$ cat protein-v9.tsv   # TSV, C-alpha atoms and all ligand atoms
chain	number	residue	atom	x	y	z
Y	20	MET	CA	119.87	71.36	58.05
Y	21	ILE	CA	120.74	74.39	55.90
Y	22	LYS	CA	118.20	75.14	53.16
Y	23	CYS	CA	118.08	77.47	50.16
Y	24	ILE	CA	115.26	79.99	50.57
Y	25	SER	CA	114.57	80.02	46.81
Y	26	CYS	CA	114.91	76.47	45.41
Y	27	GLY	CA	114.74	74.50	48.67
Y	28	GLN	CA	118.04	72.66	48.10
Y	29	GLU	CA	119.25	71.19	51.39
Y	30	TYR	CA	122.77	71.11	52.84
Y	31	ASN	CA	124.41	69.54	55.86
Y	32	LEU	CA	124.75	71.78	58.94
Y	33	ASN	CA	128.52	71.26	58.88
Y	34	GLU	CA	129.06	72.33	55.29
Y	35	ILE	CA	130.84	75.68	54.93
Y	36	ILE	CA	128.50	77.32	52.47
Y	37	TYR	CA	127.17	80.87	52.06
Y	38	THR	CA	124.94	80.71	48.96
Y	39	CYS	CA	123.08	77.92	47.18
Y	40	LYS	CA	125.21	75.84	44.80
Y	41	GLU	CA	122.14	75.14	42.65
Y	42	CYS	CA	120.62	78.58	42.18
Y	43	GLY	CA	122.90	81.11	43.93
Y	44	SER	CA	120.24	82.33	46.37
Y	45	ILE	CA	120.71	82.82	50.11
Y	46	LEU	CA	120.38	80.12	52.76
Y	47	GLU	CA	118.70	79.61	56.11
Y	48	VAL	CA	119.04	77.16	58.96
Y	49	ILE	CA	115.98	75.01	59.64
Y	50	ILE	CA	115.41	74.00	63.25
Y	51	ASN	CA	112.23	72.58	64.84
Y	52	PRO	CA	112.86	71.87	68.52
Y	53	ASP	CA	110.16	70.10	70.51
Y	54	VAL	CA	110.07	72.05	73.79
Y	55	SER	CA	107.53	73.73	75.99
Y	56	ARG	CA	108.01	77.44	76.70
Y	57	ASP	CA	107.98	76.58	80.43
Y	58	VAL	CA	111.61	75.42	80.16
Y	59	PHE	CA	112.74	79.04	79.68
Y	60	ALA	CA	111.25	80.35	82.91
Y	61	CYS	CA	114.04	79.80	85.45
Y	62	ARG	CA	117.02	80.42	83.21
Y	63	LYS	CA	119.54	83.27	83.26
Y	64	ASN	CA	118.42	86.23	81.19
Y	65	THR	CA	120.71	85.95	78.16
Y	66	MET	CA	119.84	84.88	74.62
Y	67	TRP	CA	120.99	81.34	75.53
Y	68	LYS	CA	117.83	81.09	77.60
Y	69	TYR	CA	116.38	79.82	74.30
Y	70	LYS	CA	119.28	77.42	73.58
Y	71	GLU	CA	117.01	74.69	72.17
Y	72	PHE	CA	116.39	77.02	69.21
Y	73	MET	CA	120.12	77.57	68.56
Y	74	PRO	CA	121.63	75.13	66.01
Y	75	VAL	CA	125.02	74.67	67.70
Y	76	ASP	CA	126.69	72.30	70.15
Y	77	GLU	CA	125.66	73.45	73.61
Y	78	SER	CA	128.90	72.26	75.22
Y	79	ARG	CA	131.09	74.65	73.17
Y	80	ILE	CA	129.19	77.92	73.33
Y	81	VAL	CA	131.35	81.07	73.04
Y	82	SER	CA	129.44	83.72	74.94
Y	83	LEU	CA	129.84	87.10	76.62
Y	84	GLU	CA	126.31	86.79	78.05
Y	85	GLU	CA	124.72	88.67	75.14
Y	86	GLY	CA	120.99	89.25	74.91
Y	87	GLY	CA	118.52	89.73	77.73
Y	88	THR	CA	118.65	93.45	76.87
Y	89	PRO	CA	116.41	96.11	78.46
Y	90	PHE	CA	112.86	96.37	77.19
Y	91	ILE	CA	111.82	99.85	78.19
Y	92	GLY	CA	108.35	101.36	78.17
Y	93	CYS	CA	108.56	104.90	76.71
Y	94	HIS	CA	105.34	106.32	78.08
Y	95	LYS	CA	106.16	110.02	77.54
Y	96	LEU	CA	106.99	109.63	73.88
Y	97	GLY	CA	104.29	106.98	73.43
Y	98	SER	CA	101.52	109.15	74.82
Y	99	ASP	CA	102.66	112.12	72.67
Y	100	LEU	CA	102.25	109.86	69.65
Y	101	GLY	CA	99.07	108.17	70.91
Y	102	ILE	CA	100.57	104.69	70.95
Y	103	ASP	CA	101.85	102.09	73.44
Y	104	LEU	CA	105.61	102.29	72.87
Y	105	TYR	CA	108.48	100.04	73.99
Y	106	VAL	CA	112.14	100.29	73.07
Y	107	LYS	CA	114.45	97.25	72.92
Y	108	VAL	CA	117.89	98.59	73.85
Y	109	GLU	CA	120.44	96.54	71.94
Y	110	GLY	CA	123.22	98.96	72.87
Y	111	SER	CA	123.29	97.12	76.20
Y	112	ASN	CA	124.91	94.07	74.63
Y	113	PRO	CA	128.58	93.32	75.53
Y	114	THR	CA	130.12	95.30	72.65
Y	115	GLY	CA	127.25	97.78	72.41
Y	116	SER	CA	125.16	96.43	69.53
Y	117	PHE	CA	122.82	93.57	68.54
Y	118	LYS	CA	125.62	92.01	66.48
Y	119	ASP	CA	126.84	90.18	69.60
Y	120	ARG	CA	123.87	87.82	69.43
Y	121	GLY	CA	124.79	86.74	65.91
Y	122	MET	CA	128.50	86.55	66.69
Y	123	SER	CA	128.00	84.30	69.70
Y	124	VAL	CA	126.32	81.69	67.48
Y	125	GLY	CA	128.60	82.44	64.51
Y	126	ILE	CA	131.84	82.02	66.46
Y	127	THR	CA	130.50	78.94	68.24
Y	128	LYS	CA	129.85	77.46	64.79
Y	129	ALA	CA	133.34	78.50	63.67
Y	130	MET	CA	134.78	76.57	66.63
Y	131	GLU	CA	132.70	73.49	65.75
Y	132	LEU	CA	134.02	73.67	62.19
Y	133	GLY	CA	137.61	74.04	63.45
Y	134	VAL	CA	138.46	77.16	61.44
Y	135	ASP	CA	141.46	79.27	62.47
Y	136	THR	CA	140.61	82.61	60.80
Y	137	VAL	CA	137.34	84.52	60.75
Y	138	GLY	CA	136.53	87.70	58.86
Y	139	CYS	CA	133.92	90.19	57.80
Y	140	ALA	CA	133.30	93.47	56.01
Y	141	SER	CA	131.61	96.02	58.20
Y	142	THR	CA	130.23	99.49	58.61
Y	143	GLY	CA	131.64	99.17	62.14
Y	144	ASN	CA	129.54	97.21	64.62
Y	145	THR	CA	129.96	93.79	63.04
Y	146	SER	CA	133.74	94.26	63.13
Y	147	ALA	CA	133.73	95.42	66.77
Y	148	SER	CA	131.67	92.40	67.77
Y	149	LEU	CA	133.58	89.86	65.69
Y	150	ALA	CA	136.89	91.16	67.05
Y	151	ALA	CA	135.72	90.64	70.64
Y	152	TYR	CA	134.25	87.15	70.10
Y	153	ALA	CA	137.27	86.03	68.04
Y	154	ALA	CA	139.50	87.19	70.91
Y	155	ARG	CA	137.43	85.18	73.38
Y	156	ALA	CA	137.59	82.11	71.15
Y	157	GLY	CA	141.30	82.56	70.36
Y	158	VAL	CA	141.03	82.71	66.57
Y	159	LYS	CA	142.55	85.15	64.08
Y	160	CYS	CA	140.22	87.92	62.96
Y	161	VAL	CA	140.39	90.06	59.79
Y	162	VAL	CA	137.98	92.96	59.24
Y	163	LEU	CA	137.51	95.09	56.11
Y	164	LEU	CA	136.18	98.58	56.77
Y	165	PRO	CA	135.14	101.25	54.24
Y	166	SER	CA	137.88	103.86	54.53
Y	167	GLY	CA	136.92	106.99	56.49
Y	168	LYS	CA	133.29	105.91	57.01
Y	169	VAL	CA	133.40	103.99	60.29
Y	170	ALA	CA	132.43	105.76	63.52
Y	171	LEU	CA	135.26	106.21	66.00
Y	172	GLY	CA	133.98	103.99	68.83
Y	173	LYS	CA	133.56	101.00	66.53
Y	174	LEU	CA	136.99	101.42	64.97
Y	175	ALA	CA	138.54	101.66	68.45
Y	176	GLN	CA	136.84	98.41	69.51
Y	177	ALA	CA	137.93	96.42	66.44
Y	178	MET	CA	141.53	97.58	66.87
Y	179	PHE	CA	141.61	97.18	70.65
Y	180	HIS	CA	140.32	93.60	70.61
Y	181	GLY	CA	143.23	92.74	68.33
Y	182	ALA	CA	141.64	92.24	64.91
Y	183	GLN	CA	143.66	92.87	61.77
Y	184	VAL	CA	141.88	96.01	60.63
Y	185	LEU	CA	142.04	96.74	56.90
Y	186	SER	CA	140.80	100.10	55.69
Y	187	VAL	CA	139.47	99.48	52.19
Y	188	GLU	CA	139.12	102.10	49.49
Y	189	GLY	CA	135.48	101.83	48.52
Y	190	ASN	CA	132.16	101.46	50.29
Y	191	PHE	CA	130.73	98.62	52.42
Y	192	ASP	CA	129.19	96.83	49.44
Y	193	GLU	CA	132.59	96.68	47.71
Y	194	ALA	CA	134.34	95.53	50.90
Y	195	LEU	CA	131.73	92.77	51.35
Y	196	GLU	CA	132.24	91.58	47.80
Y	197	ALA	CA	136.00	91.39	48.40
Y	198	VAL	CA	135.80	89.54	51.71
Y	199	THR	CA	133.23	87.11	50.28
Y	200	ALA	CA	135.66	86.27	47.47
Y	201	LEU	CA	138.38	85.60	50.07
Y	202	ALA	CA	135.99	83.35	52.02
Y	203	LEU	CA	135.10	81.37	48.89
Y	204	GLU	CA	138.84	80.76	48.34
Y	205	GLY	CA	139.01	79.35	51.88
Y	206	GLU	CA	141.15	82.19	53.25
Y	207	LEU	CA	138.75	82.85	56.15
Y	208	TYR	CA	135.36	81.86	57.59
Y	209	LEU	CA	132.91	84.62	56.69
Y	210	LEU	CA	130.82	86.02	59.52
Y	211	ASN	CA	128.74	88.61	57.73
Y	212	SER	CA	125.00	88.01	57.90
Y	213	ILE	CA	125.03	86.11	54.61
Y	214	ASN	CA	126.26	83.34	56.91
Y	215	PRO	CA	122.92	81.90	58.08
Y	216	PHE	CA	124.25	81.08	61.56
Y	217	ARG	CA	124.56	84.83	62.31
Y	218	LEU	CA	120.80	85.25	61.94
Y	219	GLU	CA	120.19	82.30	64.28
Y	220	GLY	CA	121.60	84.39	67.12
Y	221	GLN	CA	119.86	87.60	66.09
Y	222	LYS	CA	116.44	85.92	65.92
Y	223	SER	CA	116.56	85.90	69.74
Y	224	ILE	CA	115.52	89.60	69.65
Y	225	GLY	CA	112.14	88.35	68.41
Y	226	PHE	CA	112.04	85.68	71.15
Y	227	GLU	CA	112.79	88.22	73.88
Y	228	ILE	CA	110.19	90.74	72.73
Y	229	VAL	CA	107.30	88.27	72.96
Y	230	ASP	CA	108.68	86.83	76.21
Y	231	ASP	CA	108.96	90.41	77.60
Y	232	LEU	CA	105.33	91.01	76.66
Y	233	GLY	CA	104.14	87.90	78.53
Y	234	TRP	CA	103.93	85.68	75.44
Y	235	GLU	CA	102.05	88.19	73.36
Y	236	SER	CA	103.09	89.67	70.03
Y	237	PRO	CA	103.20	93.47	69.71
Y	238	ASP	CA	101.22	94.95	66.81
Y	239	ARG	CA	104.39	96.17	65.15
Y	240	ILE	CA	108.19	95.97	65.30
Y	241	ILE	CA	110.16	98.86	63.77
Y	242	LEU	CA	113.88	98.70	63.08
Y	243	PRO	CA	116.61	100.24	60.94
Y	244	VAL	CA	117.59	98.24	57.86
Y	245	GLY	CA	121.07	98.15	56.34
Y	246	ASN	CA	122.32	94.81	55.05
Y	247	ALA	CA	118.83	93.50	55.95
Y	248	GLY	CA	119.95	90.63	58.18
Y	249	ASN	CA	118.33	91.77	61.39
Y	250	ILE	CA	114.77	92.26	60.11
Y	251	SER	CA	115.03	88.81	58.50
Y	252	ALA	CA	116.35	87.26	61.71
Y	253	ILE	CA	113.68	88.76	63.96
Y	254	TRP	CA	110.92	87.60	61.61
Y	255	LYS	CA	112.45	84.09	61.63
Y	256	GLY	CA	112.43	84.09	65.44
Y	257	ILE	CA	108.84	85.28	65.57
Y	258	ASN	CA	107.80	82.55	63.14
Y	259	GLU	CA	109.59	79.82	65.08
Y	260	PHE	CA	107.71	80.80	68.26
Y	261	TYR	CA	104.47	81.08	66.26
Y	262	GLN	CA	104.96	77.60	64.79
Y	263	ALA	CA	105.78	76.25	68.25
Y	264	ASP	CA	102.42	77.70	69.32
Y	265	PHE	CA	104.05	79.98	71.94
Y	266	ILE	CA	102.23	83.03	70.44
Y	267	LYS	CA	98.96	83.41	68.57
Y	268	GLU	CA	99.63	86.58	66.54
Y	269	ARG	CA	102.58	88.03	64.66
Y	270	PRO	CA	103.73	91.67	64.38
Y	271	MET	CA	103.90	93.84	61.27
Y	272	MET	CA	107.60	94.08	60.40
Y	273	THR	CA	108.48	97.67	59.59
Y	274	GLY	CA	111.87	98.54	58.09
Y	275	ILE	CA	113.36	102.02	58.05
Y	276	GLN	CA	116.19	103.16	55.77
Y	277	ALA	CA	117.99	106.45	55.26
Y	278	GLU	CA	116.90	108.44	52.20
Y	279	GLY	CA	120.37	108.11	50.67
Y	280	ALA	CA	120.55	104.31	51.11
Y	281	CYS	CA	117.09	102.86	50.56
Y	282	PRO	CA	117.05	99.94	48.07
Y	283	ILE	CA	114.57	97.94	50.20
Y	284	VAL	CA	112.13	100.84	50.53
Y	285	ASN	CA	112.31	101.43	46.76
Y	286	ALA	CA	111.45	97.77	46.15
Y	287	VAL	CA	108.50	97.89	48.58
Y	288	ARG	CA	107.17	101.09	46.95
Y	289	ASP	CA	107.07	99.25	43.60
Y	290	ASN	CA	105.84	96.00	45.17
Y	291	ARG	CA	108.94	94.20	43.86
Y	292	MET	CA	110.68	91.08	45.21
Y	293	GLU	CA	114.11	92.22	43.94
Y	294	ILE	CA	116.10	95.27	44.85
Y	295	GLU	CA	117.93	97.60	42.54
Y	296	ALA	CA	121.26	98.42	44.18
Y	297	VAL	CA	121.86	102.05	45.17
Y	298	LYS	CA	125.26	102.86	43.65
Y	299	ASN	CA	126.67	105.50	46.00
Y	300	PRO	CA	124.80	105.16	49.29
Y	301	GLU	CA	125.17	108.11	51.64
Y	302	THR	CA	123.85	108.92	55.12
Y	303	VAL	CA	125.00	110.32	58.45
Y	304	ALA	CA	123.93	106.94	59.88
Y	305	THR	CA	127.09	105.23	58.63
Y	306	ALA	CA	126.02	101.85	60.10
Y	307	ILE	CA	123.29	101.59	57.44
Y	308	ARG	CA	125.20	103.23	54.57
Y	309	ILE	CA	124.56	100.19	52.35
Y	310	GLY	CA	123.36	100.04	48.74
Y	311	ALA	CA	123.11	96.31	48.02
Y	312	PRO	CA	121.82	94.44	51.09
Y	313	VAL	CA	122.62	90.73	50.87
Y	314	SER	CA	119.55	89.57	52.82
Y	315	SER	CA	117.11	91.67	50.78
Y	316	LEU	CA	115.02	88.67	49.66
Y	317	LYS	CA	114.51	87.51	53.26
Y	318	ALA	CA	113.76	91.08	54.38
Y	319	LEU	CA	111.21	91.69	51.61
Y	320	ARG	CA	109.48	88.40	52.44
Y	321	ALA	CA	109.34	89.44	56.11
Y	322	ILE	CA	107.74	92.78	55.22
Y	323	TYR	CA	105.21	91.34	52.76
Y	324	GLU	CA	104.30	88.23	54.78
Y	325	SER	CA	103.77	90.22	57.97
Y	326	ASP	CA	101.68	92.87	56.23
Y	327	GLY	CA	104.32	95.37	57.33
Y	328	CYS	CA	105.86	98.27	55.45
Y	329	ALA	CA	109.08	100.18	54.83
Y	330	ASP	CA	109.85	103.88	54.68
Y	331	THR	CA	112.73	106.32	54.52
Y	332	VAL	CA	113.84	109.06	56.87
Y	333	SER	CA	116.16	112.00	56.18
Y	334	ASP	CA	119.48	112.53	57.99
Y	335	GLU	CA	117.91	115.53	59.69
Y	336	GLU	CA	115.02	113.41	60.99
Y	337	ILE	CA	117.49	110.77	62.23
Y	338	LEU	CA	119.59	113.28	64.18
Y	339	SER	CA	116.57	114.98	65.64
Y	340	ALA	CA	115.05	111.65	66.79
Y	341	GLN	CA	118.40	110.63	68.28
Y	342	LYS	CA	118.55	113.79	70.40
Y	343	MET	CA	114.88	113.63	71.35
Y	344	LEU	CA	115.16	110.01	72.60
Y	345	ALA	CA	118.24	110.91	74.64
Y	346	ARG	CA	116.58	113.96	76.19
Y	347	THR	CA	113.02	112.76	76.77
Y	348	GLU	CA	113.59	109.11	77.70
Y	349	GLY	CA	117.27	109.02	78.70
Y	350	ILE	CA	118.14	106.42	76.07
Y	351	GLY	CA	121.38	107.10	74.17
Y	352	VAL	CA	121.61	105.45	70.77
Y	353	GLU	CA	123.73	105.82	67.66
Y	354	PRO	CA	122.27	107.53	64.56
Y	355	ALA	CA	121.30	104.34	62.68
Y	356	SER	CA	119.33	103.17	65.72
Y	357	ALA	CA	117.45	106.46	65.85
Y	358	ALA	CA	116.16	105.74	62.34
Y	359	SER	CA	113.59	103.44	63.97
Y	360	ILE	CA	112.30	106.31	66.15
Y	361	ALA	CA	112.37	108.79	63.26
Y	362	GLY	CA	110.45	106.24	61.18
Y	363	LEU	CA	107.92	105.72	63.95
Y	364	ILE	CA	107.23	109.46	64.16
Y	365	LYS	CA	106.83	109.73	60.38
Y	366	LEU	CA	104.51	106.71	60.14
Y	367	VAL	CA	102.30	108.04	62.95
Y	368	GLU	CA	102.12	111.46	61.25
Y	369	ASP	CA	101.27	109.80	57.92
Y	370	GLY	CA	98.48	107.76	59.56
Y	371	VAL	CA	100.13	104.43	58.68
Y	372	ILE	CA	100.40	103.56	62.37
Y	373	ASP	CA	97.01	103.62	64.08
Y	374	LYS	CA	96.35	105.30	67.42
Y	375	GLY	CA	96.63	102.81	70.27
Y	376	GLU	CA	98.93	100.40	68.43
Y	377	GLN	CA	101.48	98.57	70.53
Y	378	VAL	CA	104.83	99.26	68.89
Y	379	VAL	CA	108.34	98.00	69.68
Y	380	CYS	CA	111.26	100.01	68.26
Y	381	ILE	CA	114.61	98.25	68.16
Y	382	VAL	CA	117.45	100.64	68.94
Y	383	THR	CA	120.42	98.74	67.63
Y	384	GLY	CA	123.59	100.40	68.94
Y	385	HIS	CA	124.91	102.55	71.82
Y	386	VAL	CA	125.37	106.34	71.56
Y	387	LEU	CA	129.11	106.01	72.38
Y	388	LYS	CA	129.67	104.07	69.16
Y	389	ASP	CA	129.69	107.42	67.35
Y	390	PRO	CA	130.97	110.06	69.79
Y	391	ASP	CA	131.71	112.59	67.01
Y	392	THR	CA	128.06	112.80	65.94
Y	393	ALA	CA	126.94	113.14	69.58
Y	394	ILE	CA	129.43	115.93	70.30
Y	395	ASN	CA	128.60	117.78	67.06
Y	396	ALA	CA	124.94	117.87	68.11
Y	397	CYS	CA	125.73	119.83	71.28
Y	398	SER	CA	127.26	123.16	72.23
Y	399	GLU	CA	130.73	123.05	73.79
Y	400	PRO	CA	131.15	122.85	77.57
Y	401	LEU	CA	131.66	126.26	79.22
Y	402	ASN	CA	135.04	126.96	80.76
Y	403	VAL	CA	134.55	128.12	84.36
Y	404	LYS	CA	136.91	128.70	87.28
Y	405	ALA	CA	136.37	126.46	90.33
Y	406	ASP	CA	134.90	129.45	92.11
Y	407	ILE	CA	131.50	129.13	93.73
Y	408	ASN	CA	130.35	132.64	92.71
Y	409	ASP	CA	131.33	132.16	89.08
Y	410	LEU	CA	129.73	128.71	89.07
Y	411	ARG	CA	126.46	129.98	90.59
Y	412	LYS	CA	126.24	132.78	88.04
Y	413	VAL	CA	126.76	130.42	85.12
Y	414	ILE	CA	124.28	127.81	86.44
Y	415	ARG	CA	121.56	130.41	86.98
Y	416	SER	CA	122.07	131.94	83.54
Y	417	ARG	CA	120.75	128.80	81.87
X	1	LIG	N1	121.85	99.44	63.26
X	1	LIG	C1	123.16	99.36	63.52
X	1	LIG	C2	123.69	100.09	64.69
X	1	LIG	C3	123.99	98.59	62.68
X	1	LIG	O1	125.29	98.51	62.94
X	1	LIG	C4	123.44	97.93	61.56
X	1	LIG	C5	124.27	97.16	60.65
X	1	LIG	C6	122.06	98.04	61.36
X	1	LIG	C7	121.29	98.80	62.22
X	1	LIG	C8	121.36	97.36	60.22
X	1	LIG	O2	121.24	95.99	60.44
X	1	LIG	O3	122.44	95.19	58.44
X	1	LIG	O4	121.04	93.65	59.78
X	1	LIG	O5	119.99	95.41	58.39
X	1	LIG	N2	125.54	97.12	60.68
X	1	LIG	C9	126.38	96.25	59.88
X	1	LIG	C10	127.81	96.34	60.34
X	1	LIG	C11	126.18	96.35	58.43
X	1	LIG	O6	128.73	96.08	59.55
X	1	LIG	O7	128.03	96.63	61.51
X	1	LIG	P1	121.17	94.99	59.19

$ encode --input "protein-v9.tsv" --output "C-alpha cells" --more "lines below"
Ligand code: F0G
Amino acid sequence: MIKCISCGQEYNLNEIIYTCKECGSILEVIINPDVSRDVFACRKNTMWKYKEFMPVDESRIVSLEEGGTPFIGCHKLGSDLGIDLYVKVEGSNPTGSFKDRGMSVGITKAMELGVDTVGCASTGNTSASLAAYAARAGVKCVVLLPSGKVALGKLAQAMFHGAQVLSVEGNFDEALEAVTALALEGELYLLNSINPFRLEGQKSIGFEIVDDLGWESPDRIILPVGNAGNISAIWKGINEFYQADFIKERPMMTGIQAEGACPIVNAVRDNRMEIEAVKNPETVATAIRIGAPVSSLKALRAIYESDGCADTVSDEEILSAQKMLARTEGIGVEPASAASIAGLIKLVEDGVIDKGEQVVCIVTGHVLKDPDTAINACSEPLNVKADINDLRKVIRSR
C-alpha cells in the first residue's frame, strides 16, 4: 500500500498519486516481505538481488543492471582522519549516478500503470537516468532543466537518449513546480523523487552497505542532500532490514549541503521539523542547487531518528575534496558527490565524528558528469613534439 507519512491515510499501490489527498503531505510505500536474508546469497550483484523488497511486478522489471556498485575501503584517507572509511561509488551505475536505482523501479511501475509519457524536472542526473530508462521501456520522456545550470555530461545524456529536453527559465525548484502541475493534469507520469516508487529503488543503497559489511551497520552514513530523496530512501532501506532483523544496529544519517543551498541544515540547526525555502540557491555543485527539497520531512525524520546530523560545506571545500579523492584514492566523482567527503573532513575536524568510527560516504555521481569543472581544476596539457629528447626534458622537469 501507499501511505501518507503525516496523517497515515492509505492508498492503493496502483493509484497515480504524489501527495496525500487528505493533508497534502508526502507519501511512502509500505512493504513487509517475509524472507530470510539467505535468499540473497547466490544472486547476481544488482539491486534486484533484494527483489522481495521492491513493490513491483517481478515479471516486468525494466533494468540496466543498476546497483551492486563498488564499496571501496579508503585506508589512506581513513587513517589520515583516524577513522575506518568506505566509499560507495554510485557513479558506477549504468548512467553514472544513483538515480538509476530509483528509475528502474519508477519506470517498471510506469509500465505496470500503462502510461505512455514520463517526465521530471532535474538538475541533470535524474533527467539523464530517466531518458535512458524511458528509451529502454519505449515510452516518451520529457525533462525540464534549469537553463544554463546543468553540467555538460548530464545534458548530453538526456539529449542522446532521445528525451524531449526543455530548458526552463528559472531554477530547479521552479521547474519541479511546473512539471508537477503538468503531472497533476495527467499530461505525464512524474518520476521525481516525490513519487514514492523512486525511493523504493534508492533504498537498495542501504541494503547493499550492510550486506557489504557482512550484515553489520556502519556507525555513520554521510551523503550530499539536494531534493532530500536519497537520504530518506537509504534510511527507509536500513529500517526495513532492521525490522526484518537482518541487522541489530542502525547508522547515524548525516546530510551535507552546500552553504548556498542549505534549507535542511538550517532546519536541523534550529531543531525544526519544517524547512524554510532558500530563495536563490547557488553552488558550484549544480546537482544539489536546490532551495525547497520536496522530501525534507522524510529527510529530517531520518536525521533526528538516527541521532545523525547535518552540516554545510563551502564550494571551495567541495572542489578541494573532489580533487583530493581523485588524487589520493583514484575515485573520480562530480562536485555534489564530493560534498560528502568535504563534510566528513569538516565533521572530523569539529570533533563531531569520533576517532575510530566506521563511516560510509556515498559518492553519488561520476566525475565525467561535469567535465568543465574537472578541466577548470587542472592546468592545461603541455604541447610537445613527438620527439624523444623534447619529451624526456618535459617529463623530467616535473
Ligand atoms: N548527488 C548528485 C550527483 C545528484 O544528482 C543529486 C540530486 C544529489 C546528490 C542529491 O540527492 O536530491 O536525493 O537529495 N540530483 C537531482 C537531479 C536533484 O535532478 O538529478 P537528493

$ closest_residue --input "protein-v9.tsv" --among "Y:Gly181, Y:Gly220, Y:Gly370, Y:Gly115" --to "ligand LIG 1 (chain X)" --atoms "all atoms listed in the file"
Y:Gly115

$ residues_near_ligand --input "protein-v9.tsv" --ligand "ligand LIG 1 (chain X)" --cutoff "6 Å" --atoms "all atoms listed in the file" --output "PyMOL selection string"
chain Y and resi 141-145+243-249+306-307+355-356+383-384

$ closest_residue --input "protein-v9.tsv" --among "Y:Glu219, Y:Glu324, Y:Asp76, Y:Asp238" --to "Gly375 in chain Y" --atoms "only C-alpha atoms"
Y:Asp238

$ residues_around --input "protein-v9.tsv" --residues "range 251-259 of chain Y" --least-positions-apart "2" --cutoff "8 Å" --atoms "all atoms listed in the file" --output "NGL selection string"
:Y and (51 or 218-219 or 221-226 or 247-249 or 261-263 or 269 or 272 or 314 or 317-318 or 321)

$ atom_distance --input "protein-v9.tsv" --atom1 "CA of Ala202 in chain Y" --atom2 "CA of Pro113 in chain Y"
26.6 Å

$ residues_around --input "protein-v9.tsv" --residues "range 327-338 of chain Y" --least-positions-apart "3" --cutoff "7 Å" --atoms "all atoms listed in the file" --output "list in words"
Met271, Met272, Thr273, Gly274, Ile275, Gln276, Ala277, Glu278, Cys281, Val284, Val287, Thr302, Val303, Ile322, Tyr323, Gln341, Lys342, Pro354, Ala357, Ala358, Ala361 and Gly362 of chain Y
